[in-house]
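Report on the following structure.
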Amino acid sequence: MHDFASDNHAGAHPEVLAAVAAANDGHAGSYGADGWTRRAEELFRRHFGADARAFCVFNGTAANVLAIDALTRPHEAVICPATAHLNLDECGAPERFAGVKLLTVETEHGKLRLDDIARWDERRGDQHHVQPRVVSISQASELGTVYSLDEMRALAAAAHERGMLLHLDGARLANAAAALGASLADVTTGAGVDALSFGGTKNGCLGAEAVVFPRGELAAGFEFVRKQGMQLASKMRFVAVQLEALLEDDLWLRSARQANAMAVRLAALAGDIEGVEVTHLVEANAVFASLPRPAIDRLLAELPGEPPFYVWDEAADEVRWMCSWDTTPEDVDALAAAVSQAVSVP
């Protein structure tokens with residue numbers, strides 16, 4: 001049984017590995033001057049719109065932080081949920097490298113509301129206070145919830161009315177688009193997003209992400225931001241070809257659908273177990289549940305994985321189970337059976 005700790009734990013998709021192996025043939029131009037990078041950039045335009053510009057990077061932290069850096073000045077700030085990866089899991093990188101303050105909002109299910117943007121309006125123009133410039137949301141959110149297209153359009157409109165920009169942490173953008181039955185353009189460009197990170201690693205890549213600007217003018221000078229941010233790969237073809245493989249034949253969508261379907265299956269099975277409560281809507285590839293602490297400890301000790309899953313909230317005895325592109329029904333059923341057994345032990 002595969003573990004359910006993180007979709008980062010899954011291996012690379014065989015189609016991605018095959019593409020990397022095929023790219024490892026002879027010499028090619030460096031720093032993006034190669035056919036793989038050009039084809040990947042064209043695929044991003046095909047999926048996000050003719051004006052979109054995409055820049056390959058190594059990891060999601062850099063994708064988010066460099067995008068924020070490109071959109072802000074030192075006296076400006078970013079509004080985001082308190083649960084945002086940008087806030088909790090980047091080790092202060094936005095503050096150190098982008099030099100911005102994060103204005104965090106407590107949310108019920110990891111999603112910003114319109115009122116969360118308006119709360120800083122009275123300080124706008126006050127020289128004693130940082131000025132909100134960017135609204136950052138995660139799609140899907142860190143709690144596995146998904147913004148509807150209408151919710152995204154409303155947030156974008158509220159940001160733009162205030163002269164702000166909408167940034168999207170898209171580490172699991174594929175899962176969100178699959179859940180919505182929407183295209184990548186629908187859930188970004190069409191929804192008013194100004195800049196985003198496109199996640200590949202959690203969806204079958206070895207290690208490849210991209211910063212995408214749906215409106216090309218916002219990308220002006222970003223090649224220098226990427227270089228200063230130490231994210232310009234010399235052998236760029238091996239990063240770009242992974243994203244090419246993901247986008248070319250909709251591998252991103254097939255993989256995301258599989259992960260999402262397994263999360264829905266797991267939530268249904270777990271929700272039927274006495275003593276287990278699913279705590280957030282299951283809309284992408286994450287299942288959050290509360291169960292008795294002795295059962296959690298028993299499962300952590302007995303299930304395979306390092307760890308087999310994460311305890312998300314120690315005080316609430318809440319765990320997170322993540323499904324991946326390679327999670328199977330047999331994996332899900334085995335976990336559900338183990339949970340049922342664990343909670344039934346006196």
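Labeling convention for the structure tokens: chains A, B, ... as they appear, residues from 1 per chain, ligands from 1 in order of appearance.
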
Contact residues around range 255-265 of chain A with only C-alpha atoms at 10 Å, ignoring same-chain residues under 2 positions, as a ChimeraX atom specification: /A:7,13,144,172-179,181,202-204,246,250-253,267-271,281-288,321-333,336

Shell around range 108-118 of chain A at 12 Å using only C-alpha atoms, local window under 6 positions removed, as a PyMOL selection string: chain A and resi 77-85+124+132-148+150-166+168+279-283+288

DSSP helix (DSSP H, G or I) residues within range 239-302 of chain A, as a PyMOL selection string: chain A and resi 239-248+251-271+293-302

Export of the given selection (N, CA and C atoms) as a compact mmCIF listing (two decimals), in the first residue's frame:
# COMPACT_ATOMS: atom_id res chain seq x y z
N VAL A 239 14.00 20.26 -17.30
CA VAL A 239 12.86 20.80 -16.56
C VAL A 239 11.68 20.98 -17.51
N ALA A 240 11.94 21.60 -18.65
CA ALA A 240 10.87 21.93 -19.60
C ALA A 240 10.19 20.69 -20.15
N VAL A 241 10.97 19.63 -20.41
CA VAL A 241 10.37 18.45 -21.02
C VAL A 241 9.37 17.78 -20.10
N GLN A 242 9.56 17.92 -18.80
CA GLN A 242 8.59 17.36 -17.85
C GLN A 242 7.25 18.06 -18.00
N LEU A 243 7.28 19.39 -18.11
CA LEU A 243 6.05 20.15 -18.25
C LEU A 243 5.44 19.93 -19.63
N GLU A 244 6.30 19.75 -20.62
CA GLU A 244 5.80 19.42 -21.95
C GLU A 244 5.03 18.11 -21.91
N ALA A 245 5.58 17.11 -21.24
CA ALA A 245 4.90 15.81 -21.14
C ALA A 245 3.58 15.95 -20.39
N LEU A 246 3.55 16.79 -19.38
CA LEU A 246 2.34 16.96 -18.57
C LEU A 246 1.23 17.63 -19.38
N LEU A 247 1.59 18.59 -20.22
CA LEU A 247 0.59 19.40 -20.92
C LEU A 247 0.22 18.89 -22.30
N GLU A 248 1.10 18.13 -22.93
CA GLU A 248 0.92 17.83 -24.35
C GLU A 248 -0.32 16.98 -24.63
N LEU A 251 -1.88 14.77 -19.82
CA LEU A 251 -1.47 13.92 -18.71
C LEU A 251 -1.80 14.59 -17.38
N TRP A 252 -1.68 15.90 -17.31
CA TRP A 252 -2.02 16.65 -16.08
C TRP A 252 -3.45 16.34 -15.64
N LEU A 253 -4.36 16.24 -16.61
CA LEU A 253 -5.77 16.03 -16.30
C LEU A 253 -6.04 14.59 -15.92
N ARG A 254 -5.46 13.66 -16.63
CA ARG A 254 -5.65 12.24 -16.30
C ARG A 254 -5.14 11.92 -14.91
N SER A 255 -3.98 12.46 -14.59
CA SER A 255 -3.38 12.19 -13.27
C SER A 255 -4.20 12.84 -12.16
N ALA A 256 -4.64 14.07 -12.39
CA ALA A 256 -5.42 14.78 -11.37
C ALA A 256 -6.77 14.10 -11.15
N ARG A 257 -7.39 13.66 -12.21
CA ARG A 257 -8.68 12.97 -12.06
C ARG A 257 -8.54 11.70 -11.22
N GLN A 258 -7.46 10.98 -11.44
CA GLN A 258 -7.23 9.76 -10.67
C GLN A 258 -7.07 10.08 -9.18
N ALA A 259 -6.25 11.05 -8.87
CA ALA A 259 -6.03 11.43 -7.47
C ALA A 259 -7.32 11.91 -6.82
N ASN A 260 -8.08 12.74 -7.53
CA ASN A 260 -9.34 13.25 -6.99
C ASN A 260 -10.33 12.12 -6.75
N ALA A 261 -10.44 11.21 -7.71
CA ALA A 261 -11.39 10.12 -7.56
C ALA A 261 -11.06 9.24 -6.37
N MET A 262 -9.79 9.04 -6.12
CA MET A 262 -9.40 8.22 -4.98
C MET A 262 -9.70 8.93 -3.66
N ALA A 263 -9.58 10.26 -3.64
CA ALA A 263 -9.93 11.00 -2.42
C ALA A 263 -11.43 10.90 -2.15
N VAL A 264 -12.24 11.00 -3.19
CA VAL A 264 -13.69 10.87 -3.03
C VAL A 264 -14.02 9.48 -2.50
N ARG A 265 -13.37 8.47 -3.03
CA ARG A 265 -13.61 7.09 -2.58
C ARG A 265 -13.22 6.94 -1.10
N LEU A 266 -12.07 7.49 -0.75
CA LEU A 266 -11.59 7.38 0.63
C LEU A 266 -12.53 8.11 1.59
N ALA A 267 -12.98 9.30 1.22
CA ALA A 267 -13.87 10.06 2.08
C ALA A 267 -15.18 9.31 2.32
N ALA A 268 -15.69 8.68 1.27
CA ALA A 268 -16.94 7.93 1.42
C ALA A 268 -16.77 6.75 2.36
N LEU A 269 -15.67 6.04 2.21
CA LEU A 269 -15.43 4.88 3.08
C LEU A 269 -15.15 5.31 4.52
N ALA A 270 -14.30 6.31 4.67
CA ALA A 270 -13.96 6.76 6.03
C ALA A 270 -15.16 7.37 6.73
N GLY A 271 -15.99 8.09 5.98
CA GLY A 271 -17.14 8.72 6.58
C GLY A 271 -18.17 7.75 7.12
N ARG A 293 -7.47 9.69 19.24
CA ARG A 293 -6.01 9.73 19.25
C ARG A 293 -5.38 8.34 19.36
N PRO A 294 -5.89 7.42 20.17
CA PRO A 294 -5.28 6.08 20.19
C PRO A 294 -5.28 5.41 18.82
N ALA A 295 -6.35 5.64 18.05
CA ALA A 295 -6.40 5.06 16.71
C ALA A 295 -5.36 5.70 15.80
N ILE A 296 -5.18 7.01 15.92
CA ILE A 296 -4.16 7.70 15.12
C ILE A 296 -2.78 7.11 15.42
N ASP A 297 -2.46 6.98 16.70
CA ASP A 297 -1.15 6.47 17.09
C ASP A 297 -0.95 5.04 16.59
N ARG A 298 -2.00 4.24 16.65
CA ARG A 298 -1.91 2.86 16.19
C ARG A 298 -1.64 2.82 14.68
N LEU A 299 -2.33 3.65 13.94
CA LEU A 299 -2.14 3.68 12.49
C LEU A 299 -0.75 4.20 12.12
N LEU A 300 -0.27 5.21 12.82
CA LEU A 300 1.07 5.74 12.54
C LEU A 300 2.14 4.68 12.78
N ALA A 301 1.91 3.83 13.77
CA ALA A 301 2.90 2.80 14.11
C ALA A 301 2.84 1.61 13.16
N GLU A 302 1.65 1.32 12.63
CA GLU A 302 1.48 0.06 11.90
C GLU A 302 1.47 0.21 10.38

Pairwise distance for CA of His47 in chain A and CA of Ala219 in chain A, rounded to one decimal in Å: 17.1 Å

Per-residue DSSP, range 78-208 of chain A, filtered to strand (DSSP E), as a PyMOL selection string: chain A and resi 78-81+101-105+131-138+165-170+195-199

Saved selection, atoms kept: N, CA and C atoms, as an mmCIF file, in the first residue's frame:
data_model
loop_
_atom_site.group_PDB
_atom_site.id
_atom_site.type_symbol
_atom_site.label_atom_id
_atom_site.label_comp_id
_atom_site.auth_asym_id
_atom_site.auth_seq_id
_atom_site.Cartn_x
_atom_site.Cartn_y
_atom_site.Cartn_z
ATOM 1 N N VAL A 78 0.916 41.306 0.930
ATOM 2 C CA VAL A 78 0.117 40.255 0.306
ATOM 3 C C VAL A 78 -0.933 39.777 1.296
ATOM 4 N N ILE A 79 -2.192 39.787 0.885
ATOM 5 C CA ILE A 79 -3.289 39.238 1.681
ATOM 6 C C ILE A 79 -3.436 37.766 1.339
ATOM 7 N N CYS A 80 -3.452 36.899 2.352
ATOM 8 C CA CYS A 80 -3.579 35.466 2.098
ATOM 9 C C CYS A 80 -4.206 34.776 3.312
ATOM 10 N N PRO A 81 -4.767 33.588 3.128
ATOM 11 C CA PRO A 81 -5.270 32.839 4.285
ATOM 12 C C PRO A 81 -4.129 32.490 5.240
ATOM 13 N N LYS A 101 5.343 41.960 3.426
ATOM 14 C CA LYS A 101 4.631 41.524 4.611
ATOM 15 C C LYS A 101 3.405 40.728 4.177
ATOM 16 N N LEU A 102 3.128 39.632 4.893
ATOM 17 C CA LEU A 102 1.933 38.846 4.638
ATOM 18 C C LEU A 102 0.846 39.264 5.619
ATOM 19 N N LEU A 103 -0.301 39.630 5.100
ATOM 20 C CA LEU A 103 -1.467 39.987 5.903
ATOM 21 C C LEU A 103 -2.386 38.770 5.911
ATOM 22 N N THR A 104 -2.366 38.016 7.003
ATOM 23 C CA THR A 104 -3.037 36.722 7.028
ATOM 24 C C THR A 104 -4.450 36.828 7.577
ATOM 25 N N VAL A 105 -5.295 35.935 7.080
ATOM 26 C CA VAL A 105 -6.710 35.917 7.431
ATOM 27 C C VAL A 105 -7.074 34.520 7.916
ATOM 28 N N GLN A 131 1.018 48.673 2.267
ATOM 29 C CA GLN A 131 -0.101 48.794 1.339
ATOM 30 C C GLN A 131 -0.377 47.451 0.654
ATOM 31 N N PRO A 132 -1.570 46.908 0.852
ATOM 32 C CA PRO A 132 -1.899 45.647 0.166
ATOM 33 C C PRO A 132 -1.817 45.822 -1.345
ATOM 34 N N ARG A 133 -1.086 44.937 -1.988
ATOM 35 C CA ARG A 133 -0.907 44.991 -3.441
ATOM 36 C C ARG A 133 -1.366 43.708 -4.123
ATOM 37 N N VAL A 134 -1.251 42.589 -3.409
ATOM 38 C CA VAL A 134 -1.559 41.287 -4.000
ATOM 39 C C VAL A 134 -2.495 40.511 -3.085
ATOM 40 N N VAL A 135 -3.472 39.872 -3.678
ATOM 41 C CA VAL A 135 -4.283 38.869 -2.991
ATOM 42 C C VAL A 135 -3.795 37.515 -3.485
ATOM 43 N N SER A 136 -3.421 36.633 -2.561
ATOM 44 C CA SER A 136 -2.906 35.318 -2.939
ATOM 45 C C SER A 136 -3.841 34.236 -2.425
ATOM 46 N N ILE A 137 -4.283 33.379 -3.326
ATOM 47 C CA ILE A 137 -5.108 32.239 -2.948
ATOM 48 C C ILE A 137 -4.460 30.962 -3.467
ATOM 49 N N SER A 138 -4.810 29.855 -2.848
ATOM 50 C CA SER A 138 -4.333 28.544 -3.302
ATOM 51 C C SER A 138 -5.502 27.803 -3.931
ATOM 52 N N LEU A 165 -3.601 42.987 -7.402
ATOM 53 C CA LEU A 165 -3.446 41.877 -8.331
ATOM 54 C C LEU A 165 -3.792 40.572 -7.630
ATOM 55 N N LEU A 166 -4.233 39.587 -8.411
ATOM 56 C CA LEU A 166 -4.579 38.274 -7.867
ATOM 57 C C LEU A 166 -3.509 37.257 -8.242
ATOM 58 N N HIS A 167 -2.880 36.682 -7.220
ATOM 59 C CA HIS A 167 -1.888 35.627 -7.411
ATOM 60 C C HIS A 167 -2.498 34.301 -6.990
ATOM 61 N N LEU A 168 -2.147 33.258 -7.695
ATOM 62 C CA LEU A 168 -2.686 31.937 -7.406
ATOM 63 C C LEU A 168 -1.546 30.948 -7.198
ATOM 64 N N ASP A 169 -1.540 30.327 -6.015
ATOM 65 C CA ASP A 169 -0.628 29.223 -5.738
ATOM 66 C C ASP A 169 -1.266 27.979 -6.346
ATOM 67 N N GLY A 170 -0.707 27.536 -7.456
ATOM 68 C CA GLY A 170 -1.293 26.425 -8.202
ATOM 69 C C GLY A 170 -0.537 25.126 -8.052
ATOM 70 N N ALA A 195 -1.127 36.322 -11.946
ATOM 71 C CA ALA A 195 0.121 35.543 -11.925
ATOM 72 C C ALA A 195 -0.146 34.276 -11.131
ATOM 73 N N LEU A 196 0.557 33.224 -11.481
ATOM 74 C CA LEU A 196 0.328 31.958 -10.792
ATOM 75 C C LEU A 196 1.557 31.078 -10.856
ATOM 76 N N SER A 197 1.602 30.149 -9.908
ATOM 77 C CA SER A 197 2.549 29.051 -10.008
ATOM 78 C C SER A 197 1.780 27.842 -10.520
ATOM 79 N N PHE A 198 2.366 27.146 -11.469
ATOM 80 C CA PHE A 198 1.760 25.930 -12.006
ATOM 81 C C PHE A 198 2.541 24.741 -11.481
ATOM 82 N N GLY A 199 1.845 23.893 -10.727
ATOM 83 C CA GLY A 199 2.520 22.775 -10.083
ATOM 84 C C GLY A 199 2.620 21.555 -10.973
#

Shell of 7 Å around Ala12 in chain A, only C-alpha atoms, local chain residues under 5 positions omitted, as JSON, numbers by chain: {"A": [17, 204, 205, 206]}
